[in-house]
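Below: one structure, written as structure tokens.
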Amino acid sequence: MAEGGKKMKKKLLSIFMGLCLLVGGGTAVSAADVRGTMRDITPAAIAKEMTAGWNLGNSLDAYGTYSLNNETYWGNPKTTKAMIDAVKNEGFNTIRIPVSWGEHVGSAPNYTIDTAWMNRVQEVVDYAMADGMYVLLDTHHETSWLKPQSATLDASQKQLVAIWTQIAERFKAYGDHLLFEGMNEPRIVGSSNEWSGGDADGRAAVNVLNQAFIDAVRKTGGNNAKRCLIICPYGNNGDPNGLSGFKIPSDKNIMVAIHAYTPYGFTFRPEGNPSWARTTWDGSGKSDIEYLMNNLNTSLISKGVTVIITEFGAVHKNNESEVVKWVKDYVSLATQYGIKCVWWDNNYHKNDGESFGLLDRNSCSWTRKSVAGAVIKYAGSAVPGGGTETPTPTPTTPQTGDMVKVQIISDWTSGATANITVTNLTGKALNGWTCTFTLDRSITSLWSATLVNQVGNTYTISNPDWQPHLAAGESYTFGCNLGSGPAQVTVTGQTLK
């Protein structure tokens with residue numbers, strides 16, 4: 001989100017701190033117990049294991065005191081294990097831990113991170129890892145030194161590399177449930193296009209910084225050699241301008257993070273209360289969400305990139321039931337595209353300002369419980385094998401067809417969103433597959449598969465690069481948008497080889 005310490009004494013202090021942790025709901029957990037393992041797992045498979053996500057906002061990312069006191073400087077309580085347990089127990093399995101590092105580093109050229117700060121960050125990470133959650137660890141609110149423009153690129157790159165080298169070294173033994181997110185909303189503050197995707201110079205600088213982050217982490221070795229890393233476009237902007245010139249690295253273990261509070265008139269309080277601001281959700285703004293998701297599909301997902309929305313949410317306007325409706329439309333559509341969403345929670349709950357809070361961290365109780373429930377419900381639930389159950393609303397019954405079945409997810413006058421499932425009925429395993437079939441509705445776009453050829457409404461589809469194997473009897477599902485046509489989709493002429 002955009003802005004905003006001889007012997008006996010030490011022994012007694014250690015005992016006292018341990019008691020405080022227990023009173024606060026925390027438990028002492030050794031790092032070796034929580035690190036987990038590093039599997040050979042793709043970003044897409046990780047995303048399938050993720051369900052609903054939650055941000056620990058305005059805590060470790062707060063700044064202003066140049067000390068450990070930063071964590072509580074913006075009014076939030078010190079993070080406890082009990083808080084993280086509450087998030088996990090509610091049904092979230094992914095947590096983003098924003099951290100601001102700039103006030104905790106020494107001077108150039110080493111930019112040495114303060115040991116006490118690094119230890120505290122690791123402690124909070126361990127809270128979540130002990131709960132078996134996916135953890136996204138980032139660099140946050142770094143715009144005072146991280147400036148994506150050619151004039152300051154060299155200095156920014158050196159500090160970013162120094163910081164991430166140290167973070168990566170500290171966490172290199174951690175398993176694949178820990179992901180590193182290189183930057184948060186990199187942009188030039190105050191520029192005319194700060195929040196509209198930047199200019200060509202800024203976007204090019206972000207490409208360089210993304211690659212510098214990847215290279216720095218990979219060089220530390222250990223589990224970091226194949227850890228999933230999260231990069232972003234300028235300002236985490238997912239609009240066409242923000243993704244213009246965005247360079248997809250050759251590294252296969254990456255995700256791309258987008259921030260999308262869409263539509264702004266509903267999710268925020270626009271200054272001056274313009275006519276387009278709204279507190280109710282009647283679905284009229286759903287086209288804005290569809291536009292966002294379609295653009296992410298065209299620009300990234302269709303090219304084999306796994307996308308994650310690491311910030312989204314809607315402020316409290318005494319409209320909890322309306323926010324639930326919005327979450328249904330937003331998260332359901334994102335899930336259909338394979339996009340996981342992480343709610344921005346800053347622990348602010350009043351009916352004013354940027355009140356994105358869901359969990360009251362002082363009492364570990366949920367202030368907008370139905371909203372949290374909706375985020376979890378429509379994200380789907382993780383199931384064995386790394387897939388996700390289809391989120392409600394439940395799609396219609398799959399249509400007829402031996403090897404190819406169509407599930408309509410959402411149908412409207414001019415088109416539909418659907419899942420197409422290809423089942424291997426050849427009696428043998430396929431290492432790289434191609435499927436041909438004919439529909440009585442046109443496919444206007446697709447994702448998580450490759451369109452090889454199209455003649456009329458006859459399509460030849462092949463596996464995506466990350467999913468070449470299809471065992472006998474195994475199925476693979478990809479998503480698509482359809483043109484107008486009958487509600488019951490007929491599939492004919494099916495072949496699979």
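Labels for the structure tokens follow display order: chains A, B, ..., residues from 1 in each chain, ligands from 1.
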Which residues are close to stretch 182-197 of chain A, i.e. within 9 Å by only C-alpha atoms, leaving aside same-chain residues fewer than 6 positions away? Reply as a ChimeraX atom specification. /A:1-2,98,137-144,146-149,160,164,203,206,209-210,213-214,229-244,257-259
Mind checking DSSP for stretch 9-148 of chain A and telling me the strand (DSSP E) residues as JSON, numbers by chain? {"A": [53, 54, 55, 94, 95, 96, 97, 134, 135, 136, 137, 138]}
Would you put the residues from that selection into a file with C-alpha atoms, as a PDB file, in the first residue's frame?
```pdb
ATOM      1  CA  GLY A  53      -4.358 -14.061   1.460  1.00  0.00           C
ATOM      2  CA  TRP A  54      -4.046 -11.357   4.158  1.00  0.00           C
ATOM      3  CA  ASN A  55      -1.597  -8.472   4.619  1.00  0.00           C
ATOM      4  CA  THR A  94      -1.305 -16.997   2.724  1.00  0.00           C
ATOM      5  CA  ILE A  95       0.123 -13.972   4.520  1.00  0.00           C
ATOM      6  CA  ARG A  96       2.054 -11.058   3.132  1.00  0.00           C
ATOM      7  CA  ILE A  97       4.483  -9.427   5.568  1.00  0.00           C
ATOM      8  CA  TYR A 134       2.596 -19.314   2.571  1.00  0.00           C
ATOM      9  CA  VAL A 135       4.579 -16.164   3.434  1.00  0.00           C
ATOM     10  CA  LEU A 136       5.317 -13.286   1.078  1.00  0.00           C
ATOM     11  CA  LEU A 137       8.190 -11.148   2.397  1.00  0.00           C
ATOM     12  CA  ASP A 138       8.851  -7.836   0.693  1.00  0.00           C
TER      13      ASP A 138
END
```
Can you tell me which residues surround A:Glu354 at a distance of at most 9 Å, considering only C-alpha atoms, apart from same-chain residues fewer than 3 positions away, and format the answer as a ChimeraX atom specification? /A:268-269,314-316,346,348-351,357
Using only C-alpha atoms, determine which residues lie at most 12 Å from A:Thr413, disregarding the query and same-chain residues fewer than 2 positions distant; provide the list as a list of chain:residue names.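 Neighbouring residues, sequence-local ones excluded: A:Ser410, A:Asp411, A:Gly415, A:Ala416, A:Thr417, A:Leu482, A:Gly483, A:Ser484, A:Gly485, A:Pro486, A:Ala487.
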Once you have the residues from the selection above, write them out as a CSV table (one decimal), in the first residue's frame, restricted to N, CA and C atoms.
```
chain,number,residue,atom,x,y,z
A,410,SER,N,-19.6,-18.2,-15.9
A,410,SER,CA,-20.4,-17.0,-15.9
A,410,SER,C,-20.9,-16.7,-17.3
A,411,ASP,N,-22.2,-16.6,-17.5
A,411,ASP,CA,-22.7,-16.4,-18.8
A,411,ASP,C,-23.5,-15.0,-18.8
A,415,GLY,N,-21.3,-13.0,-24.1
A,415,GLY,CA,-20.2,-13.9,-23.9
A,415,GLY,C,-20.3,-14.7,-22.6
A,416,ALA,N,-19.3,-15.4,-22.3
A,416,ALA,CA,-19.2,-16.2,-21.1
A,416,ALA,C,-17.8,-16.5,-20.7
A,417,THR,N,-17.6,-16.9,-19.5
A,417,THR,CA,-16.3,-17.4,-19.0
A,417,THR,C,-16.5,-18.9,-18.7
A,482,LEU,N,-15.7,-17.2,-23.9
A,482,LEU,CA,-16.5,-17.6,-25.1
A,482,LEU,C,-17.3,-16.5,-25.7
A,483,GLY,N,-17.6,-16.5,-27.0
A,483,GLY,CA,-18.5,-15.6,-27.6
A,483,GLY,C,-20.0,-16.0,-27.2
A,484,SER,N,-20.9,-15.3,-27.8
A,484,SER,CA,-22.3,-15.5,-27.5
A,484,SER,C,-22.7,-16.9,-28.1
A,485,GLY,N,-23.8,-17.5,-27.6
A,485,GLY,CA,-24.2,-18.8,-28.1
A,485,GLY,C,-25.1,-19.5,-27.1
A,486,PRO,N,-25.4,-20.8,-27.4
A,486,PRO,CA,-26.3,-21.5,-26.6
A,486,PRO,C,-25.7,-21.8,-25.2
A,487,ALA,N,-26.6,-21.8,-24.2
A,487,ALA,CA,-26.2,-22.1,-22.8
A,487,ALA,C,-25.6,-23.4,-22.6
```
If you count only C-alpha atoms, which residues fall within 12 Å of A:Trp343, apart from same-chain ones fewer than 6 positions away, as a ChimeraX atom specification? /A:1,51-57,87,92,94-97,259-261,267,308-315,327,330-331,356-359,371-376,379
What's the 9 Å shell around stretch 301-306 of chain A, counting only C-alpha atoms, without same-chain residues fewer than 3 positions away, as a list in words? Pro43, Ala44, Ala47, Ile248, Lys252, Ile254, Met255, Val256, Ala257, Leu296, Asn297, Thr298, Tyr337, Gly338, Ile339, Ser445, Leu446, Trp447, Ser448, Ala449, Thr450, Pro464, Asp465 and Trp466 of chain A
Report as a ChimeraX atom specification all protein, DNA and RNA residues lying within 6 Å of A:Ala418, evaluated on only C-alpha atoms, omitting residues in the same chain fewer than 4 positions from it. /A:407-409,479-480
Those same residues, written as a PDB file, in the first residue's frame with N, CA and C atoms?
```pdb
ATOM      1  N   GLN A 407     -17.354 -26.306 -18.787  1.00  0.00           N
ATOM      2  CA  GLN A 407     -18.094 -25.798 -17.628  1.00  0.00           C
ATOM      3  C   GLN A 407     -18.282 -24.295 -17.808  1.00  0.00           C
ATOM      4  N   ILE A 408     -19.504 -23.853 -17.888  1.00  0.00           N
ATOM      5  CA  ILE A 408     -19.773 -22.420 -17.946  1.00  0.00           C
ATOM      6  C   ILE A 408     -19.678 -21.858 -16.527  1.00  0.00           C
ATOM      7  N   ILE A 409     -18.810 -20.889 -16.341  1.00  0.00           N
ATOM      8  CA  ILE A 409     -18.637 -20.265 -15.026  1.00  0.00           C
ATOM      9  C   ILE A 409     -19.580 -19.085 -14.870  1.00  0.00           C
ATOM     10  N   GLY A 479      -8.759 -22.245 -18.726  1.00  0.00           N
ATOM     11  CA  GLY A 479      -9.859 -21.292 -18.754  1.00  0.00           C
ATOM     12  C   GLY A 479      -9.973 -20.587 -20.086  1.00  0.00           C
ATOM     13  N   CYS A 480     -11.152 -20.048 -20.368  1.00  0.00           N
ATOM     14  CA  CYS A 480     -11.345 -19.314 -21.611  1.00  0.00           C
ATOM     15  C   CYS A 480     -12.538 -18.378 -21.504  1.00  0.00           C
TER      16      CYS A 480
END
```
Mind the document's chain letters and residue numbers, and return as a PyMOL selection string the residues of stretch 48-286 of chain A that DSSP labels alpha helix (DSSP H). chain A and resi 48-49+70-73+81-90+115-130+153-171+200-219+240-243+264-267+286
With distances taken over only C-alpha atoms, which residue among A:Met129, A:Ala277, A:Lys317, A:Pro263 lies nearest A:Leu292?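 Closest residue, counting only C-alpha atoms: A:Pro263.
Residue nearest A:Thr262, chosen from A:Pro274, A:Gly285, A:Gly64, A:Pro468 and counting only C-alpha atoms: A:Gly285.
Computed from the coordinates, the atom CA of A:Ala204 to atom CA of A:Val161 distance equals 17.3 Å.
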If you take only C-alpha atoms and a cut-off of 8 Å, which residues of stretch 297-401 of chain A touch stretch 279-284 of chain A, and what are their nearest atom pairs and distances in Å to one decimal, in chain and number order, as a Markdown table?
```
| residue | atom | partner | partner_atom | distance |
| --- | --- | --- | --- | --- |
| A:Lys317 | CA | A:Thr279 | CA | 6.7 |
| A:Asn319 | CA | A:Thr279 | CA | 6.5 |
| A:Glu322 | CA | A:Trp281 | CA | 5.4 |
| A:Val323 | CA | A:Trp281 | CA | 7.2 |
| A:Lys325 | CA | A:Trp281 | CA | 6.5 |
| A:Trp326 | CA | A:Trp281 | CA | 6.2 |
| A:Asp329 | CA | A:Gly283 | CA | 8.0 |
```
Using only C-alpha atoms, which residue out of A:Asn253, A:Ser100, A:Gly380, A:Val324 lies closest to A:Met50?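 The answer is A:Gly380, which sits nearest to A:Met50.
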